[in-house]
Amino acid sequence: MSETTASSLAVALFGEILTNDQLIRIQLSRVLPKGMEVSHFSVLNHLARAGDERSPAQLAKSFHVTRGAMTNTLSKLEWAGYIHIRPDWEDARRKRVSISPAGRKAREAAISSIAPLIEDVVGELGEDRVRAILPVLRSLRARLGEEN
């Protein structure tokens with residue numbers, strides 16, 4: 001494959017991924033419970049799946065955002081009562097974040113609201129095609145994650 005062809009292929013791949021990302025975010029924003037943003041759902045989902053506390057810095061690293069951006073998201077989630085933020089007992093300069101019972105309920109409501117959208121998309125694309133592309137997307141994520 002020539003360098004020009006490889007470059008064109010890479011540009012096409014990233015163009016498709018970026019466009020899909022934008023379209024997915026728009027669709028999710030439309031169906032998420034009122035007041036919940038995609039970033040809020042993502043953090044609640046991460047905390048629920050992790051099962052234990054995280055520091056704001058750990059969350060920022062996991063989501064590849066700045067600490068300031070994560071602090072903003074966490075402030076909104078705390079104000080809504082979806083998370084608890086407490087001092088780190090071993091180092092008072094740091095904080096620990098956990099999902100609250102209200103946050104678990106909000107996450108479940110969000111999952112219920114987005115499930116039909118996701119099921120429709122998978123149904124239209126076909127389960128076999130979705131299963132086939134998942135390893136490629138995971139490899140791409142792992143490769144891009146190595147650089148951070």
# chains A, B, ... in the order shown; residues from 1 in each chain; ligands from 1
$ select_by_dssp --residues "range 34-109 of chain A" --states "strand (DSSP E or B)" --output "JSON, numbers by chain"
{"A": [54, 83, 84, 85, 86, 87, 95, 96, 97, 98, 99]}
$ write_last_selection --atoms "C-alpha atoms" --output "compact mmCIF listing (two decimals), in the first residue's frame"
# COMPACT_ATOMS: atom_id res chain seq x y z
CA ARG A 54 -11.84 6.85 42.51
CA ILE A 83 -22.06 11.16 43.72
CA HIS A 84 -20.36 11.64 47.07
CA ILE A 85 -17.04 13.44 47.28
CA ARG A 86 -15.08 13.08 50.49
CA PRO A 87 -11.55 13.84 51.66
CA LYS A 95 -10.50 13.58 47.38
CA ARG A 96 -12.36 10.35 46.77
CA VAL A 97 -15.47 10.00 44.60
CA SER A 98 -18.17 7.35 44.87
CA ILE A 99 -21.58 6.87 43.30
$ atom_distance --atom1 "CA of Asp21 in chain A" --atom2 "CA of Val38 in chain A"
11.5 Å
$ residues_around --residues "range 62-65 of chain A" --least-positions-apart "5" --cutoff "12 Å" --atoms "only C-alpha atoms" --output "ChimeraX atom specification"
/A:39-40,42-43,45-47,50,54-57,70-73,141,144-148
$ select_by_dssp --residues "range 15-137 of chain A" --states "helix (DSSP H, G or I)" --output "ChimeraX atom specification"
/A:15-31,38-50,56-63,67-79,101-125,127-137
$ atom_distance --atom1 "CA of Leu44 in chain A" --atom2 "CA of Val121 in chain A"
23.1 Å
$ residues_around --residues "Gly35 in chain A" --least-positions-apart "6" --cutoff "12 Å" --atoms "only C-alpha atoms" --output "PDB file with N, CA and C atoms, in the first residue's frame"
ATOM      1  N   SER A  29     -27.850  12.309  23.771  1.00  0.00           N
ATOM      2  CA  SER A  29     -28.330  13.513  24.459  1.00  0.00           C
ATOM      3  C   SER A  29     -29.838  13.659  24.345  1.00  0.00           C
ATOM      4  N   PHE A  41     -23.479  10.631  32.443  1.00  0.00           N
ATOM      5  CA  PHE A  41     -23.763   9.203  32.354  1.00  0.00           C
ATOM      6  C   PHE A  41     -22.474   8.399  32.330  1.00  0.00           C
ATOM      7  N   LYS A  76     -21.215  19.074  39.051  1.00  0.00           N
ATOM      8  CA  LYS A  76     -22.614  18.949  38.617  1.00  0.00           C
ATOM      9  C   LYS A  76     -23.245  17.671  39.160  1.00  0.00           C
ATOM     10  N   LEU A  77     -22.490  16.578  39.138  1.00  0.00           N
ATOM     11  CA  LEU A  77     -23.017  15.314  39.656  1.00  0.00           C
ATOM     12  C   LEU A  77     -23.232  15.371  41.159  1.00  0.00           C
ATOM     13  N   TRP A  79     -23.862  18.131  42.900  1.00  0.00           N
ATOM     14  CA  TRP A  79     -24.997  19.016  43.117  1.00  0.00           C
ATOM     15  C   TRP A  79     -26.316  18.262  42.915  1.00  0.00           C
ATOM     16  N   ALA A  80     -26.347  17.367  41.925  1.00  0.00           N
ATOM     17  CA  ALA A  80     -27.552  16.573  41.646  1.00  0.00           C
ATOM     18  C   ALA A  80     -27.754  15.454  42.668  1.00  0.00           C
ATOM     19  N   ALA A 106     -30.178   6.962  38.836  1.00  0.00           N
ATOM     20  CA  ALA A 106     -30.082   7.806  37.637  1.00  0.00           C
ATOM     21  C   ALA A 106     -29.395   7.049  36.507  1.00  0.00           C
ATOM     22  N   ALA A 110     -30.953   6.080  32.929  1.00  0.00           N
ATOM     23  CA  ALA A 110     -30.269   6.428  31.684  1.00  0.00           C
ATOM     24  C   ALA A 110     -30.101   5.195  30.801  1.00  0.00           C
TER      25      ALA A 110
END
$ closest_residue --among "A:Leu117, A:Leu9, A:Ala102, A:Ala69" --to "Leu32 in chain A" --atoms "only C-alpha atoms"
A:Leu117
$ residues_around --residues "range 11-18 of chain A" --least-positions-apart "4" --cutoff "12 Å" --atoms "only C-alpha atoms" --output "list in words"
Thr4, Thr5, Ala6, Ser7, Gln22, Leu23, Ile24, Arg25, Val136, Leu137, Leu140, Arg141 and Leu144 of chain A
$ atom_distance --atom1 "CA of Ser75 in chain A" --atom2 "CA of Gln58 in chain A"
15.7 Å
